[in-house]
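Chemist: Quick one, model.txt (compact mmCIF, C-alpha atoms and all ligand atoms):
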```txt
# COMPACT_ATOMS: atom_id res chain seq x y z
CA MET A 1 106.98 179.51 104.82
CA SER A 2 109.45 181.55 106.80
CA GLY A 3 108.60 182.98 110.25
CA ALA A 4 108.76 186.74 109.65
CA HIS A 5 107.69 186.44 106.00
CA PRO A 6 104.49 184.46 105.53
CA ASN A 7 104.76 184.81 101.72
CA LEU A 8 108.29 183.35 101.56
CA THR A 9 109.48 179.77 101.21
CA VAL A 10 113.23 179.33 101.44
CA VAL A 11 114.01 176.16 99.52
CA ASP A 12 116.63 174.84 101.87
CA HIS A 13 118.47 171.73 100.67
CA PRO A 14 122.12 170.68 101.07
CA LEU A 15 122.58 170.64 97.28
CA ILE A 16 121.20 174.16 96.95
CA ARG A 17 123.33 175.45 99.83
CA HIS A 18 126.43 173.86 98.29
CA LYS A 19 125.78 175.29 94.83
CA LEU A 20 124.92 178.72 96.26
CA SER A 21 128.29 178.88 97.99
CA TYR A 22 130.01 178.65 94.59
CA LEU A 23 127.50 180.99 92.98
CA ARG A 24 128.22 183.66 95.57
CA ALA A 25 132.02 183.41 95.33
CA ARG A 26 133.47 186.31 93.33
CA THR A 27 136.05 184.00 91.70
CA THR A 28 133.44 181.73 90.08
CA PRO A 29 133.83 182.15 86.30
CA LYS A 30 130.98 183.02 83.93
CA LYS A 31 130.48 179.51 82.49
CA GLU A 32 130.25 177.91 85.92
CA PHE A 33 128.04 180.74 87.19
CA LYS A 34 125.47 180.04 84.46
CA GLU A 35 125.60 176.28 85.10
CA LEU A 36 124.99 176.87 88.81
CA VAL A 37 122.06 179.21 88.11
CA ASP A 38 120.54 176.51 85.87
CA GLU A 39 121.01 173.80 88.48
CA ILE A 40 119.61 175.82 91.37
CA ALA A 41 116.69 177.07 89.26
CA MET A 42 115.88 173.46 88.35
CA LEU A 43 115.95 172.35 91.98
CA MET A 44 113.73 175.28 92.94
CA ALA A 45 111.26 174.56 90.16
CA PHE A 46 110.95 171.05 91.57
CA GLU A 47 109.80 172.57 94.87
CA ALA A 48 107.67 175.28 93.25
CA THR A 49 105.63 172.68 91.40
CA ARG A 50 105.18 170.30 94.34
CA ASP A 51 101.45 171.01 94.60
CA LEU A 52 100.53 170.76 90.91
CA PRO A 53 97.44 168.59 90.63
CA THR A 54 97.71 165.19 88.95
CA GLU A 55 95.13 162.86 87.50
CA GLU A 56 94.97 159.13 87.10
CA VAL A 57 95.55 157.71 83.63
CA GLU A 58 95.52 154.15 82.44
CA ILE A 59 98.73 153.07 80.76
CA THR A 60 100.09 149.77 79.54
CA THR A 61 103.60 148.78 80.51
CA PRO A 62 105.41 146.00 78.64
CA ILE A 63 104.04 143.76 81.39
CA GLU A 64 100.44 144.84 82.07
CA THR A 65 97.90 147.64 82.20
CA THR A 66 98.07 149.86 85.27
CA THR A 67 97.10 153.25 86.68
CA ALA A 68 99.63 156.09 86.65
CA HIS A 69 99.50 159.83 87.39
CA ARG A 70 100.02 162.78 85.09
CA ILE A 71 99.95 166.51 85.73
CA ARG A 72 96.58 167.98 84.90
CA GLY A 73 95.12 171.43 84.94
CA LYS A 74 96.57 174.74 83.98
CA LYS A 75 99.47 175.00 81.55
CA LEU A 76 102.72 176.40 82.92
CA VAL A 77 104.33 179.58 81.64
CA LEU A 78 107.81 180.72 82.65
CA VAL A 79 108.26 184.48 82.63
CA PRO A 80 111.82 185.72 83.08
CA ILE A 81 112.23 189.38 83.98
CA LEU A 82 114.82 190.73 81.52
CA ARG A 83 117.64 190.42 81.60
CA ALA A 84 118.92 188.37 84.55
CA GLY A 85 115.77 186.24 84.68
CA LEU A 86 116.79 184.75 81.32
CA GLY A 87 119.57 182.92 83.15
CA MET A 88 117.03 180.77 85.01
CA VAL A 89 114.96 179.66 82.02
CA ASP A 90 117.09 176.74 80.76
CA GLY A 91 117.27 175.17 84.20
CA VAL A 92 113.51 175.27 84.73
CA LEU A 93 112.83 174.14 81.14
CA SER A 94 115.06 171.11 81.63
CA LEU A 95 112.47 169.89 84.14
CA MET A 96 109.35 170.95 82.20
CA PRO A 97 110.32 171.32 78.55
CA GLY A 98 106.73 171.83 77.43
CA ALA A 99 106.27 175.03 79.42
CA ARG A 100 105.69 178.19 77.40
CA VAL A 101 108.05 181.13 77.90
CA GLY A 102 106.92 184.76 78.11
CA HIS A 103 109.17 187.78 78.69
CA VAL A 104 108.91 190.97 80.72
CA GLY A 105 111.22 193.94 80.20
CA LEU A 106 111.21 196.85 82.64
CA TYR A 107 113.33 199.95 83.05
CA ARG A 108 113.36 202.56 85.80
CA ASP A 109 112.07 206.00 84.85
CA GLU A 110 114.79 208.50 85.82
CA ASP A 111 112.28 211.09 87.05
CA THR A 112 109.64 209.04 88.82
CA LEU A 113 112.01 206.15 89.72
CA GLN A 114 109.08 203.85 88.90
CA PRO A 115 109.50 200.72 86.74
CA VAL A 116 108.15 201.15 83.20
CA GLU A 117 107.31 198.24 80.88
CA TYR A 118 109.21 198.31 77.59
CA TYR A 119 108.41 194.73 76.60
CA PHE A 120 105.71 192.30 77.64
CA LYS A 121 104.87 189.12 75.78
CA ILE A 122 103.00 186.15 77.22
CA PRO A 123 100.89 183.45 75.57
CA PRO A 124 97.15 184.05 75.23
CA GLY A 125 94.68 182.78 77.83
CA ALA A 126 96.50 184.07 80.92
CA ALA A 127 93.58 183.22 83.22
CA ASP A 128 93.98 179.53 82.41
CA ARG A 129 97.70 179.32 83.06
CA ASP A 130 100.09 178.96 86.00
CA PHE A 131 102.90 181.52 85.86
CA LEU A 132 106.40 181.11 87.26
CA LEU A 133 107.98 184.57 87.32
CA LEU A 134 111.78 184.33 87.31
CA ASP A 135 114.43 186.76 88.52
CA PRO A 136 117.58 185.64 90.35
CA MET A 137 117.66 188.61 92.74
CA LEU A 138 114.73 189.97 94.74
CA ALA A 139 116.24 193.23 95.98
CA THR A 140 113.83 196.17 96.53
CA GLY A 141 111.00 194.22 94.93
CA GLY A 142 110.13 197.09 92.56
CA SER A 143 110.59 195.10 89.34
CA ALA A 144 109.03 191.93 90.71
CA SER A 145 105.97 193.82 91.92
CA ALA A 146 105.61 195.68 88.60
CA ALA A 147 105.97 192.42 86.65
CA VAL A 148 103.22 190.84 88.75
CA ASP A 149 101.07 193.96 88.14
CA GLY A 150 101.59 193.43 84.40
CA LEU A 151 100.66 189.75 84.56
CA LYS A 152 97.54 190.46 86.60
CA ARG A 153 96.46 193.26 84.22
CA ARG A 154 96.58 190.65 81.45
CA GLY A 155 94.37 188.26 83.39
CA ALA A 156 96.81 186.04 85.31
CA THR A 157 95.47 184.75 88.61
CA SER A 158 98.04 182.06 89.47
CA ILE A 159 101.56 183.45 89.86
CA ARG A 160 104.60 182.27 91.81
CA PHE A 161 107.84 184.21 92.02
CA LEU A 162 111.12 182.28 91.92
CA CYS A 163 114.43 183.88 92.83
CA LEU A 164 117.81 182.67 94.00
CA VAL A 165 118.65 185.32 96.60
CA ALA A 166 116.06 187.49 98.34
CA ALA A 167 116.43 190.55 100.55
CA PRO A 168 113.90 191.09 103.37
CA GLU A 169 112.97 194.45 101.79
CA GLY A 170 111.89 192.77 98.53
CA VAL A 171 110.01 189.97 100.25
CA GLU A 172 108.13 192.53 102.35
CA ARG A 173 107.32 194.65 99.29
CA MET A 174 105.87 191.58 97.56
CA ARG A 175 103.84 190.68 100.64
CA ARG A 176 102.43 194.21 100.76
CA ASP A 177 101.70 194.55 97.03
CA HIS A 178 100.86 190.95 96.14
CA PRO A 179 100.06 188.82 99.19
CA ASP A 180 98.55 186.19 96.88
CA VAL A 181 101.90 185.54 95.15
CA PRO A 182 104.15 183.01 96.90
CA VAL A 183 107.84 183.87 96.82
CA LEU A 184 110.36 181.02 96.64
CA ALA A 185 114.03 181.75 97.24
CA ALA A 186 117.16 179.67 97.64
CA ALA A 187 118.36 182.05 100.37
CA LEU A 188 117.13 185.01 102.39
CA ASP A 189 120.02 187.45 102.85
CA ARG A 190 120.66 190.22 105.34
CA GLY A 191 119.50 193.32 103.45
CA LEU A 192 120.42 195.93 100.85
CA ASP A 193 123.45 198.18 100.71
CA GLU A 194 123.25 201.89 99.77
CA ASN A 195 123.39 200.98 96.05
CA GLY A 196 120.58 198.47 96.26
CA TYR A 197 122.82 195.40 96.15
CA ILE A 198 121.88 192.44 98.28
CA MET A 199 124.28 191.71 101.18
CA PRO A 200 126.10 189.38 101.12
CA GLY A 201 124.41 188.50 97.81
CA LEU A 202 126.39 187.52 94.74
CA GLY A 203 126.88 190.85 93.02
CA ASP A 204 125.13 191.81 89.80
CA ALA A 205 123.52 188.61 88.53
CA GLY A 206 123.00 189.95 84.99
CA ASP A 207 126.62 191.06 84.64
CA ARG A 208 127.91 187.74 85.95
CA LEU A 209 125.58 185.73 83.68
CA PHE A 210 126.36 187.67 80.52
CA GLY A 211 129.94 188.76 81.22
CA THR A 212 129.17 192.46 80.95
CA ARG A 213 131.48 193.64 83.67
N1 LIG A 301 120.30 192.88 91.27
C1 LIG A 301 121.44 192.12 91.24
O1 LIG A 301 121.82 191.59 90.21
N2 LIG A 301 122.15 192.00 92.38
C2 LIG A 301 121.75 192.56 93.55
O2 LIG A 301 122.44 192.38 94.56
C3 LIG A 301 120.57 193.32 93.55
C4 LIG A 301 119.86 193.48 92.40
```
Kindly return the structure encoded in the file as structure tokens.
Modeler:
Amino acid sequence: MSGAHPNLTVVDHPLIRHKLSYLRARTTPKKEFKELVDEIAMLMAFEATRDLPTEEVEITTPIETTTAHRIRGKKLVLVPILRAGLGMVDGVLSLMPGARVGHVGLYRDEDTLQPVEYYFKIPPGAADRDFLLLDPMLATGGSASAAVDGLKRRGATSIRFLCLVAAPEGVERMRRDHPDVPVLAAALDRGLDENGYIMPGLGDAGDRLFGTR
């Protein structure tokens, strides 16, 4: 947890800080940018799943029978928010390849400025699953909050939000709208500029992931 933001955990680790420094640099090319997103997402997923319950199982090694521990309980679902969230999926899946993957697509209505769902697909049985909602940038928090609304409307009760860079504005919006949803970030930045970009941030994560600028 972070002092001013009780809903936020900044996953602070020398490896994450090191990789973030390259991720932020404007000269980092597309291929390396994607690799860094994967690596940081994987390290964050490690932290985000620290409290998953385990159960004892009996196994037999080549030497003898012993007790070991396996994850029990709810099945994990990764839900990237389109499109930049897609960039985090491979990294998290490399750690938990059995996780299901849903998708949320949102656009901003030009008149109301509110996020509108244009795509929403998650596996059935939402109440019995743990959701990891993925988006590299938590800026105003509008999309993240709307995506959580959508998951809750479909029955989800266990949701964590994973991002790489968070702005205080987005973290506060999530705390206000969804105090039950922990936010994990690799870094908490200074704030938003007049265009809604995170400062110092890393620019447009979607454009840098997909080479669209
Ligand atoms: N989305 C991005 O990709 N970058 C920002 O800085 C803010 C929102």
Chemist: Pick out the closest residue to Lys121 (chain A) from this set: A:Val79, A:Gly87, A:Ala205, A:Thr65. Count only C-alpha atoms.
Modeler: A:Val79
Chemist: For ligand LIG 301 (chain A), list the contacting residues at 9 Å or closer, counting all atoms listed in the file, as a short mmCIF file (atom, residue, chain, number, x, y, z; two decimals) with C-alpha atoms, keeping the file's coordinate frame.
Modeler:
```
data_model
loop_
_atom_site.label_atom_id
_atom_site.label_comp_id
_atom_site.auth_asym_id
_atom_site.auth_seq_id
_atom_site.Cartn_x
_atom_site.Cartn_y
_atom_site.Cartn_z
CA ALA A 84 118.92 188.37 84.55
CA ASP A 135 114.43 186.76 88.52
CA PRO A 136 117.58 185.64 90.35
CA MET A 137 117.66 188.61 92.74
CA LEU A 138 114.73 189.97 94.74
CA ALA A 139 116.24 193.23 95.98
CA THR A 140 113.83 196.17 96.53
CA VAL A 165 118.65 185.32 96.60
CA ALA A 166 116.06 187.49 98.34
CA ALA A 167 116.43 190.55 100.55
CA LEU A 192 120.42 195.93 100.85
CA ASP A 193 123.45 198.18 100.71
CA ASN A 195 123.39 200.98 96.05
CA GLY A 196 120.58 198.47 96.26
CA TYR A 197 122.82 195.40 96.15
CA ILE A 198 121.88 192.44 98.28
CA MET A 199 124.28 191.71 101.18
CA PRO A 200 126.10 189.38 101.12
CA GLY A 201 124.41 188.50 97.81
CA LEU A 202 126.39 187.52 94.74
CA GLY A 203 126.88 190.85 93.02
CA ASP A 204 125.13 191.81 89.80
CA ALA A 205 123.52 188.61 88.53
CA GLY A 206 123.00 189.95 84.99
CA ASP A 207 126.62 191.06 84.64
CA ARG A 208 127.91 187.74 85.95
#
```
Chemist: Using all atoms listed in the file, determine which residues lie at most 12 Å from Val92 (chain A), disregarding the query and same-chain residues fewer than 4 positions distant; provide the list as an MDAnalysis selection string.
Modeler: chainID A and resid 37:49 76:80 85:88 96:101 132:134 162:163
Chemist: Fewer than 2 positions away in the same chain doesn't count, so skip those; otherwise give me all residues within 7 Å of Gly141 (chain A), counting only C-alpha atoms, as number ranges by chain.
Modeler: A: 138-139, 143-145, 170-171, 173-174
Chemist: Emit the selected residues as an mmCIF file, in the frame of the given file, including C-alpha atoms.
Modeler:
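Okay, this is what ended up in selection_12.cif:
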```cif
data_model
loop_
_atom_site.group_PDB
_atom_site.id
_atom_site.type_symbol
_atom_site.label_atom_id
_atom_site.label_comp_id
_atom_site.auth_asym_id
_atom_site.auth_seq_id
_atom_site.Cartn_x
_atom_site.Cartn_y
_atom_site.Cartn_z
ATOM 1 C CA LEU A 138 114.730 189.970 94.740
ATOM 2 C CA ALA A 139 116.240 193.230 95.980
ATOM 3 C CA SER A 143 110.590 195.100 89.340
ATOM 4 C CA ALA A 144 109.030 191.930 90.710
ATOM 5 C CA SER A 145 105.970 193.820 91.920
ATOM 6 C CA GLY A 170 111.890 192.770 98.530
ATOM 7 C CA VAL A 171 110.010 189.970 100.250
ATOM 8 C CA ARG A 173 107.320 194.650 99.290
ATOM 9 C CA MET A 174 105.870 191.580 97.560
#
```
Chemist: Report, in Å with one decimal, the straight-line distance from CA of Gly125 (chain A) to CA of Thr9 (chain A).
Modeler: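 Here the two named atoms are 27.8 Å from each other.
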Chemist: Return the single residue from A:Ala68, A:Leu36, A:Ala147, A:Ala156 that is closest to Leu209 (chain A), with distances computed using only C-alpha atoms.
Modeler: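 Of the candidates, the smallest distance to Leu209 (chain A) is held by A:Leu36.
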Chemist: Report, in Å with one decimal, the straight-line distance from CA of Leu151 (chain A) to CA of Ala4 (chain A).
Modeler: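 So the answer is 26.5 Å.
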Chemist: What is the CA of Val10 (chain A) to CA of Glu172 (chain A) distance in Å?
Modeler: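 Computing it gives 14.2 Å between the two atoms.
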Chemist: Using only C-alpha atoms, which residue out of A:Gly150, A:Pro53, A:Pro14, A:Gly155 lies closest to Arg72 (chain A)?
Modeler: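 Of the candidates, the smallest distance to Arg72 (chain A) is held by A:Pro53.
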Chemist: For each of A:Leu95, A:Ala187, A:Leu82, A:Val148, take the minimum atom-to-atom distance to Tyr118 (chain A), counting all atoms listed in the file, then give the residue where this is smallest.
Modeler: A:Leu82
Chemist: Here is a test: counting only C-alpha atoms, which residue of A:Glu194, A:Ser158, A:Arg26, A:Pro168 is nearest to Gly3 (chain A)?
Modeler: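 Of all the options, A:Pro168 lies closest to Gly3 (chain A).
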Chemist: Using all atoms listed in the file, which of the listed residues (A:Gly142, A:Arg129, A:Glu58, A:Pro29) sits closest to Asp109 (chain A)?
Modeler: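 Looking at the shortest contact to Asp109 (chain A), the residue is A:Gly142.
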Chemist: Assuming the input is short of atoms at region 166-194 of chain A, produce N, CA and C atoms for that part as an mmCIF file, keeping the file's coordinate frame.
Modeler:
```
data_model
loop_
_atom_site.group_PDB
_atom_site.id
_atom_site.type_symbol
_atom_site.label_atom_id
_atom_site.label_comp_id
_atom_site.auth_asym_id
_atom_site.auth_seq_id
_atom_site.Cartn_x
_atom_site.Cartn_y
_atom_site.Cartn_z
ATOM 1 N N ALA A 166 117.057 186.472 98.008
ATOM 2 C CA ALA A 166 116.060 187.490 98.340
ATOM 3 C C ALA A 166 116.569 188.369 99.478
ATOM 4 N N ALA A 167 116.199 189.638 99.429
ATOM 5 C CA ALA A 167 116.430 190.550 100.550
ATOM 6 C C ALA A 167 115.097 190.720 101.287
ATOM 7 N N PRO A 168 115.152 190.909 102.603
ATOM 8 C CA PRO A 168 113.900 191.090 103.370
ATOM 9 C C PRO A 168 113.050 192.226 102.809
ATOM 10 N N GLU A 169 113.706 193.287 102.317
ATOM 11 C CA GLU A 169 112.970 194.450 101.790
ATOM 12 C C GLU A 169 112.082 194.031 100.603
ATOM 13 N N GLY A 170 112.634 193.203 99.715
ATOM 14 C CA GLY A 170 111.890 192.770 98.530
ATOM 15 C C GLY A 170 110.761 191.817 98.885
ATOM 16 N N VAL A 171 111.038 190.931 99.826
ATOM 17 C CA VAL A 171 110.010 189.970 100.250
ATOM 18 C C VAL A 171 108.833 190.729 100.874
ATOM 19 N N GLU A 172 109.163 191.733 101.691
ATOM 20 C CA GLU A 172 108.130 192.530 102.350
ATOM 21 C C GLU A 172 107.331 193.342 101.337
ATOM 22 N N ARG A 173 108.016 193.901 100.345
ATOM 23 C CA ARG A 173 107.320 194.650 99.290
ATOM 24 C C ARG A 173 106.326 193.752 98.543
ATOM 25 N N MET A 174 106.766 192.523 98.257
ATOM 26 C CA MET A 174 105.870 191.580 97.560
ATOM 27 C C MET A 174 104.689 191.201 98.455
ATOM 28 N N ARG A 175 104.949 191.032 99.733
ATOM 29 C CA ARG A 175 103.840 190.680 100.640
ATOM 30 C C ARG A 175 102.810 191.804 100.691
ATOM 31 N N ARG A 176 103.325 193.054 100.695
ATOM 32 C CA ARG A 176 102.430 194.210 100.760
ATOM 33 C C ARG A 176 101.628 194.364 99.465
ATOM 34 N N ASP A 177 102.342 194.297 98.320
ATOM 35 C CA ASP A 177 101.700 194.550 97.030
ATOM 36 C C ASP A 177 100.918 193.350 96.504
ATOM 37 N N HIS A 178 101.449 192.159 96.748
ATOM 38 C CA HIS A 178 100.860 190.950 96.140
ATOM 39 C C HIS A 178 100.872 189.800 97.134
ATOM 40 N N PRO A 179 100.042 189.886 98.177
ATOM 41 C CA PRO A 179 100.060 188.820 99.190
ATOM 42 C C PRO A 179 99.632 187.462 98.655
ATOM 43 N N ASP A 180 99.005 187.457 97.473
ATOM 44 C CA ASP A 180 98.550 186.190 96.880
ATOM 45 C C ASP A 180 99.660 185.490 96.091
ATOM 46 N N VAL A 181 100.816 186.112 95.970
ATOM 47 C CA VAL A 181 101.900 185.540 95.150
ATOM 48 C C VAL A 181 102.980 184.944 96.061
ATOM 49 N N PRO A 182 103.087 183.611 96.093
ATOM 50 C CA PRO A 182 104.150 183.010 96.900
ATOM 51 C C PRO A 182 105.524 183.337 96.326
ATOM 52 N N VAL A 183 106.460 183.602 97.221
ATOM 53 C CA VAL A 183 107.840 183.870 96.820
ATOM 54 C C VAL A 183 108.687 182.667 97.254
ATOM 55 N N LEU A 184 109.436 182.101 96.310
ATOM 56 C CA LEU A 184 110.360 181.020 96.640
ATOM 57 C C LEU A 184 111.779 181.502 96.392
ATOM 58 N N ALA A 185 112.649 181.307 97.372
ATOM 59 C CA ALA A 185 114.030 181.750 97.240
ATOM 60 C C ALA A 185 114.958 180.641 97.705
ATOM 61 N N ALA A 186 116.168 180.628 97.159
ATOM 62 C CA ALA A 186 117.160 179.670 97.640
ATOM 63 C C ALA A 186 117.795 180.162 98.927
ATOM 64 N N ALA A 187 117.796 181.490 99.143
ATOM 65 C CA ALA A 187 118.360 182.050 100.370
ATOM 66 C C ALA A 187 117.720 183.395 100.657
ATOM 67 N N LEU A 188 117.561 183.682 101.950
ATOM 68 C CA LEU A 188 117.130 185.010 102.390
ATOM 69 C C LEU A 188 118.342 185.681 103.005
ATOM 70 N N ASP A 189 118.801 186.770 102.388
ATOM 71 C CA ASP A 189 120.020 187.450 102.850
ATOM 72 C C ASP A 189 119.698 188.559 103.844
ATOM 73 N N ARG A 190 120.757 189.282 104.226
ATOM 74 C CA ARG A 190 120.660 190.220 105.340
ATOM 75 C C ARG A 190 119.884 191.496 104.993
ATOM 76 N N GLY A 191 120.136 192.048 103.804
ATOM 77 C CA GLY A 191 119.500 193.320 103.450
ATOM 78 C C GLY A 191 120.176 193.937 102.250
ATOM 79 N N LEU A 192 119.889 195.217 102.015
ATOM 80 C CA LEU A 192 120.420 195.930 100.850
ATOM 81 C C LEU A 192 121.478 196.932 101.274
ATOM 82 N N ASP A 193 122.495 197.114 100.425
ATOM 83 C CA ASP A 193 123.450 198.180 100.710
ATOM 84 C C ASP A 193 122.942 199.501 100.107
ATOM 85 N N GLU A 194 123.742 200.559 100.189
ATOM 86 C CA GLU A 194 123.250 201.890 99.770
ATOM 87 C C GLU A 194 123.041 201.979 98.259
#
```
